[in-house]
Each structure stands twice: as structure tokens, then as C-alpha cells.
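Just run14.cif here, mmCIF, C-alpha atoms:
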data_work
loop_
_atom_site.group_PDB
_atom_site.id
_atom_site.type_symbol
_atom_site.label_atom_id
_atom_site.label_comp_id
_atom_site.auth_asym_id
_atom_site.auth_seq_id
_atom_site.Cartn_x
_atom_site.Cartn_y
_atom_site.Cartn_z
ATOM 1 C CA MET A 493 -11.553 6.360 -4.192
ATOM 2 C CA ASP A 494 -10.012 7.757 -1.010
ATOM 3 C CA VAL A 495 -6.864 6.391 0.649
ATOM 4 C CA ASP A 496 -8.636 4.731 3.583
ATOM 5 C CA THR A 497 -11.030 2.837 1.313
ATOM 6 C CA ALA A 498 -8.173 1.770 -0.938
ATOM 7 C CA ARG A 499 -6.238 0.496 2.090
ATOM 8 C CA ARG A 500 -9.228 -1.450 3.413
ATOM 9 C CA ASN A 501 -9.752 -3.044 0.001
ATOM 10 C CA LEU A 502 -6.107 -4.076 -0.274
ATOM 11 C CA ILE A 503 -6.138 -5.530 3.257
ATOM 12 C CA ARG A 504 -9.328 -7.454 2.453
ATOM 13 C CA THR A 505 -7.800 -8.832 -0.718
ATOM 14 C CA GLU A 506 -4.570 -9.743 1.068
ATOM 15 C CA ALA A 507 -6.626 -11.613 3.686
ATOM 16 C CA ILE A 508 -8.173 -13.720 0.926
ATOM 17 C CA ARG A 509 -4.668 -14.743 -0.154
ATOM 18 C CA THR A 510 -3.957 -16.184 3.292
ATOM 19 C CA ASP A 511 -7.363 -17.819 3.807
ATOM 20 C CA LYS A 512 -7.055 -21.383 2.547
ATOM 21 C CA ASN A 513 -10.856 -21.687 2.336
ATOM 22 C CA THR A 514 -11.519 -18.748 0.022
ATOM 23 C CA ARG A 515 -8.279 -18.176 -1.864
ATOM 24 C CA HIS A 516 -8.929 -20.715 -4.591
ATOM 25 C CA VAL A 517 -12.414 -19.330 -5.245
ATOM 26 C CA LEU A 518 -11.742 -15.589 -5.049
ATOM 27 C CA TRP A 519 -8.081 -15.010 -5.744
ATOM 28 C CA GLU A 520 -8.049 -14.758 -9.573
ATOM 29 C CA ASN A 521 -4.281 -15.231 -9.814
ATOM 30 C CA GLY A 522 -3.509 -11.995 -8.038
ATOM 31 C CA ASP A 523 -5.264 -9.728 -10.526
ATOM 32 C CA THR A 524 -7.615 -8.354 -7.882
ATOM 33 C CA TRP A 525 -4.657 -7.635 -5.601
ATOM 34 C CA LEU A 526 -2.894 -5.733 -8.375
ATOM 35 C CA GLU A 527 -6.062 -3.767 -9.109
ATOM 36 C CA ASP A 528 -6.544 -2.868 -5.437
ATOM 37 C CA PHE A 529 -2.860 -1.967 -5.180
ATOM 38 C CA GLU A 530 -3.185 0.357 -8.173
ATOM 39 C CA HIS A 531 -6.209 2.027 -6.537
ATOM 40 C CA LEU A 532 -4.111 2.606 -3.418
ATOM 41 C CA ARG A 533 -1.194 3.969 -5.420
ATOM 42 C CA ARG A 534 -3.422 6.404 -7.298
ATOM 43 C CA ALA A 535 -5.286 7.505 -4.176
ATOM 44 C CA THR A 536 -2.105 8.294 -2.258
ATOM 45 C CA VAL A 537 -0.587 10.217 -5.166
ATOM 46 C CA ARG A 538 -3.834 12.164 -5.634
ATOM 47 C CA ASN A 539 -4.012 12.967 -1.927
ATOM 48 C CA ASP A 540 -0.418 14.150 -1.792
ATOM 49 C CA THR A 541 -0.854 16.215 -4.958
ATOM 50 C CA ARG A 542 -3.840 17.921 -3.332
ATOM 51 C CA LEU A 543 -1.854 18.647 -0.165
ATOM 52 C CA ARG A 544 1.175 19.878 -2.114
ATOM 53 C CA HIS A 545 -1.053 22.201 -4.118
ATOM 54 C CA ALA A 546 -2.606 23.509 -0.883
ATOM 55 C CA VAL A 547 0.858 24.333 0.451
ATOM 56 C CA GLU A 548 1.906 26.041 -2.775
ATOM 57 C CA THR A 549 -1.245 28.150 -3.009
ATOM 58 C CA ALA A 550 -1.593 29.051 0.671
ATOM 59 C CA SER A 551 -2.379 32.749 0.981
ATOM 60 C CA THR A 552 -0.468 33.450 4.180
ATOM 61 C CA PRO A 553 2.696 32.121 5.835
ATOM 62 C CA GLU A 554 0.550 30.713 8.651
ATOM 63 C CA ALA A 555 -1.696 28.854 6.203
ATOM 64 C CA ARG A 556 1.407 27.499 4.448
ATOM 65 C CA ARG A 557 2.823 26.300 7.775
ATOM 66 C CA VAL A 558 -0.424 24.566 8.752
ATOM 67 C CA THR A 559 -0.871 22.839 5.386
ATOM 68 C CA SER A 560 2.814 21.842 5.358
ATOM 69 C CA GLN A 561 2.334 20.242 8.762
ATOM 70 C CA ASP A 562 -0.757 18.425 7.480
ATOM 71 C CA ARG A 563 1.225 17.112 4.534
ATOM 72 C CA MET A 564 4.086 15.998 6.788
ATOM 73 C CA TYR A 565 1.693 14.263 9.201
ATOM 74 C CA ASN A 566 -0.034 12.550 6.286
ATOM 75 C CA ALA A 567 3.296 11.355 4.839
ATOM 76 C CA ARG A 568 4.435 9.984 8.210
ATOM 77 C CA GLU A 569 1.173 8.165 8.780
ATOM 78 C CA GLU A 570 1.341 6.751 5.251
ATOM 79 C CA ASN A 571 4.918 5.582 5.836
ATOM 80 C CA GLU A 572 3.900 3.770 9.032
ATOM 81 C CA TRP A 573 0.971 2.072 7.297
ATOM 82 C CA ASN A 574 3.239 1.024 4.437
ATOM 83 C CA LYS A 575 5.712 -0.506 6.901
ATOM 84 C CA ARG A 576 2.954 -2.522 8.583
ATOM 85 C CA PHE A 577 1.460 -3.718 5.309
ATOM 86 C CA GLY A 578 4.885 -4.545 3.872
ATOM 87 C CA ALA A 579 5.627 -6.606 6.986
ATOM 88 C CA ARG A 580 2.338 -8.434 6.489
ATOM 89 C CA ILE A 581 3.334 -9.446 2.950
ATOM 90 C CA ALA A 582 6.784 -10.496 4.196
ATOM 91 C CA ARG A 583 5.217 -12.700 6.914
ATOM 92 C CA THR A 584 2.936 -14.356 4.378
ATOM 93 C CA LEU A 585 5.895 -14.997 2.078
ATOM 94 C CA ALA A 586 7.952 -16.459 4.938
ATOM 95 C CA GLN A 587 5.045 -18.714 5.943
ATOM 96 C CA GLN A 588 4.607 -19.953 2.391
ATOM 97 C CA ARG A 589 8.328 -20.631 2.012
ATOM 98 C CA ALA A 590 8.235 -22.653 5.245
ATOM 99 C CA GLU A 591 5.540 -24.975 3.904
ATOM 100 C CA PRO A 592 6.771 -28.554 3.326
ATOM 101 C CA HIS A 593 5.717 -28.369 -0.328
ATOM 102 C CA PRO A 594 5.407 -24.674 -1.196
ATOM 103 C CA ASN A 595 3.202 -23.647 -4.068
ATOM 104 C CA ARG A 596 5.688 -22.193 -6.573
ATOM 105 C CA ALA A 597 3.046 -20.116 -8.361
ATOM 106 C CA LEU A 598 1.938 -18.571 -5.076
ATOM 107 C CA LEU A 599 5.545 -17.858 -4.070
ATOM 108 C CA SER A 600 6.209 -16.169 -7.394
ATOM 109 C CA GLU A 601 3.038 -14.101 -7.077
ATOM 110 C CA LEU A 602 3.911 -13.088 -3.520
ATOM 111 C CA GLU A 603 7.440 -12.123 -4.499
ATOM 112 C CA GLN A 604 6.104 -9.974 -7.330
ATOM 113 C CA HIS A 605 3.548 -8.290 -5.073
ATOM 114 C CA GLN A 606 6.177 -7.729 -2.413
ATOM 115 C CA MET A 607 8.525 -6.164 -4.952
ATOM 116 C CA ASN A 608 5.747 -3.897 -6.282
ATOM 117 C CA PHE A 609 4.798 -2.810 -2.783
ATOM 118 C CA GLN A 610 8.408 -2.209 -1.700
ATOM 119 C CA ARG A 611 8.990 -0.008 -4.746
ATOM 120 C CA TYR A 612 5.797 1.914 -4.031
ATOM 121 C CA ALA A 613 6.662 2.331 -0.332
ATOM 122 C CA ALA A 614 10.145 3.603 -1.195
ATOM 123 C CA ASP A 615 8.703 6.088 -3.685
ATOM 124 C CA ARG A 616 6.183 7.288 -1.123
ATOM 125 C CA GLN A 617 8.860 7.581 1.554
ATOM 126 C CA VAL A 618 10.531 10.233 -0.587
ATOM 127 C CA VAL A 619 7.446 12.403 -0.059
ATOM 128 C CA MET A 620 7.975 12.182 3.694
ATOM 129 C CA TYR A 621 11.510 13.498 3.308
ATOM 130 C CA GLU A 622 10.552 16.430 1.057
#
Serialized structure, C-alpha cells:
Amino acid sequence: MDVDTARRNLIRTEAIRTDKNTRHVLWENGDTWLEDFEHLRRATVRNDTRLRHAVETASTPEARRVTSQDRMYNAREENEWNKRFGARIARTLAQQRAEPHPNRALLSELEQHQMNFQRYAADRQVVMYE
């Protein structure tokens, strides 16, 4: 699975969490979210590994410069997407906490997903600084 598809799937699954009409039918206690998140994690690592390998095996200094720029652009774009998606999870968590009678199971699930995503985003940010 490519990065864009993995992102779309995770966004779709996150939207189900916030849709009061479909969440109870389709949510599956967050397992689908975790699966989609893992697909995203693997796709981004695979993509960066491919780009890193392209830089390392470039045959000329110019080719190395171009592929290094591609990798840097990719890492920046990924970092921006991660910030936006992380903010989306944070908004959902804040909304749920503001409910008069918050669902404790949902809050716990959201906190766990937020923690997983924050750890992932921090790990991926390191790539941008390489």
C-alpha cells in the first residue's frame, strides 16, 4: 500500500469515530484504526527507505543532490500532514472531553491513539532533520 492510500484510509476510519451515526456499527473498538495506522506507518517507512537507498546509490553528485532534495521534500510534506492529522485527533479528544457525560472507553481509546500517533510523528520528524 502506498502512503497516500494509507493516509486516505486512516482519515476515513477517523471520520467514522466522529460520526455518531456510524461509529457504533463500524468502529470495532478501534481495531480498524490501529490496523490503518500500522499500514500508514509501514508505508512511510518503506517510502523513506526507498528514497534513502536512492540517495546512497546515486551514480553522480547531481543525482545524489536531486534524490536528496526529493527525500527532504517528502519528509517535510509528511511532517505537515502528520501535524494536521495529529491536530484532528486532538480536536476530537477535546470535543469528547467537553461532553457532559463523556464516554470513558472512547476517551481512553482516543488517548491511546493520540499517544501512538504522536510517537510515530516524532519518529518520522527525525527523518526530516537527517
Within 8 Å of stretch 607-612 of chain A, counting only C-alpha atoms, which residues qualify if same-chain residues fewer than 3 places away don't, as number ranges by chain? A: 533, 578, 603-604, 615-616
Any chance you can output those residues with C-alpha atoms as a JSON list (two decimals), keeping the file's coordinate frame?
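Saved to part07.json:
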[["chain", "number", "residue", "atom", "x", "y", "z"],
["A", 533, "ARG", "CA", -1.19, 3.97, -5.42],
["A", 578, "GLY", "CA", 4.88, -4.54, 3.87],
["A", 603, "GLU", "CA", 7.44, -12.12, -4.50],
["A", 604, "GLN", "CA", 6.10, -9.97, -7.33],
["A", 615, "ASP", "CA", 8.70, 6.09, -3.68],
["A", 616, "ARG", "CA", 6.18, 7.29, -1.12]]
As a check of understanding: the span from atom CA of A:Glu572 to atom CA of A:Ala586 is 21.0 Å
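The space separating atom CA of A:Val619 from atom CA of A:Leu543 comes to 11.2 Å.
What separates atom CA of A:Arg589 from atom CA of A:Ala614 is a distance of 24.5 Å.
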Q. A:Thr497, A:Gln617, A:Thr552, A:Thr559: which is nearest A:Phe529, counting all atoms listed in the file?
A.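 Among the listed residues, A:Thr497 lies closest to A:Phe529.
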Q. Hey, what comes out of the PyMOL selection byres ((chain A and resi 581) around 9) on this file? Could you write it as JSON, numbers by chain?
A. {"A": [506, 576, 577, 578, 579, 580, 582, 583, 584, 585, 586, 602, 603, 605, 606, 609]}
Report task. Please evaluate the PyMOL selection byres ((chain A and resi 499) around 10) against the structure above and give the resulting residues as number ranges by chain. Result -> A: 494-498, 500-505, 528-529, 531-533, 535-536, 573-574, 577
Need the axis-aligned box for stretch 532-548 of chain A with 4 Å each side, so what are the centre and edges in Å to one decimal, as AutoDock Vina command-line options?
--center_x -1.7 --center_y 14.3 --center_z -3.4 --size_x 15.2 --size_y 31.4 --size_z 15.7
inquiry  = When you look at A:Asp540 with a cut-off of 10 Å (counting all atoms listed in the file), what residues show up, excluding the ones that are within fewer than 6 positions of it in the same chain? I need them as number ranges by chain.
reply    = A: 534, 546, 563-564, 566-567, 616, 619
Keeping only C-alpha atoms, write the selected residues as an mmCIF file, in the coordinates of the input.
data_model
loop_
_atom_site.group_PDB
_atom_site.id
_atom_site.type_symbol
_atom_site.label_atom_id
_atom_site.label_comp_id
_atom_site.auth_asym_id
_atom_site.auth_seq_id
_atom_site.Cartn_x
_atom_site.Cartn_y
_atom_site.Cartn_z
ATOM 1 C CA ARG A 534 -3.422 6.404 -7.298
ATOM 2 C CA ALA A 546 -2.606 23.509 -0.883
ATOM 3 C CA ARG A 563 1.225 17.112 4.534
ATOM 4 C CA MET A 564 4.086 15.998 6.788
ATOM 5 C CA ASN A 566 -0.034 12.550 6.286
ATOM 6 C CA ALA A 567 3.296 11.355 4.839
ATOM 7 C CA ARG A 616 6.183 7.288 -1.123
ATOM 8 C CA VAL A 619 7.446 12.403 -0.059
#
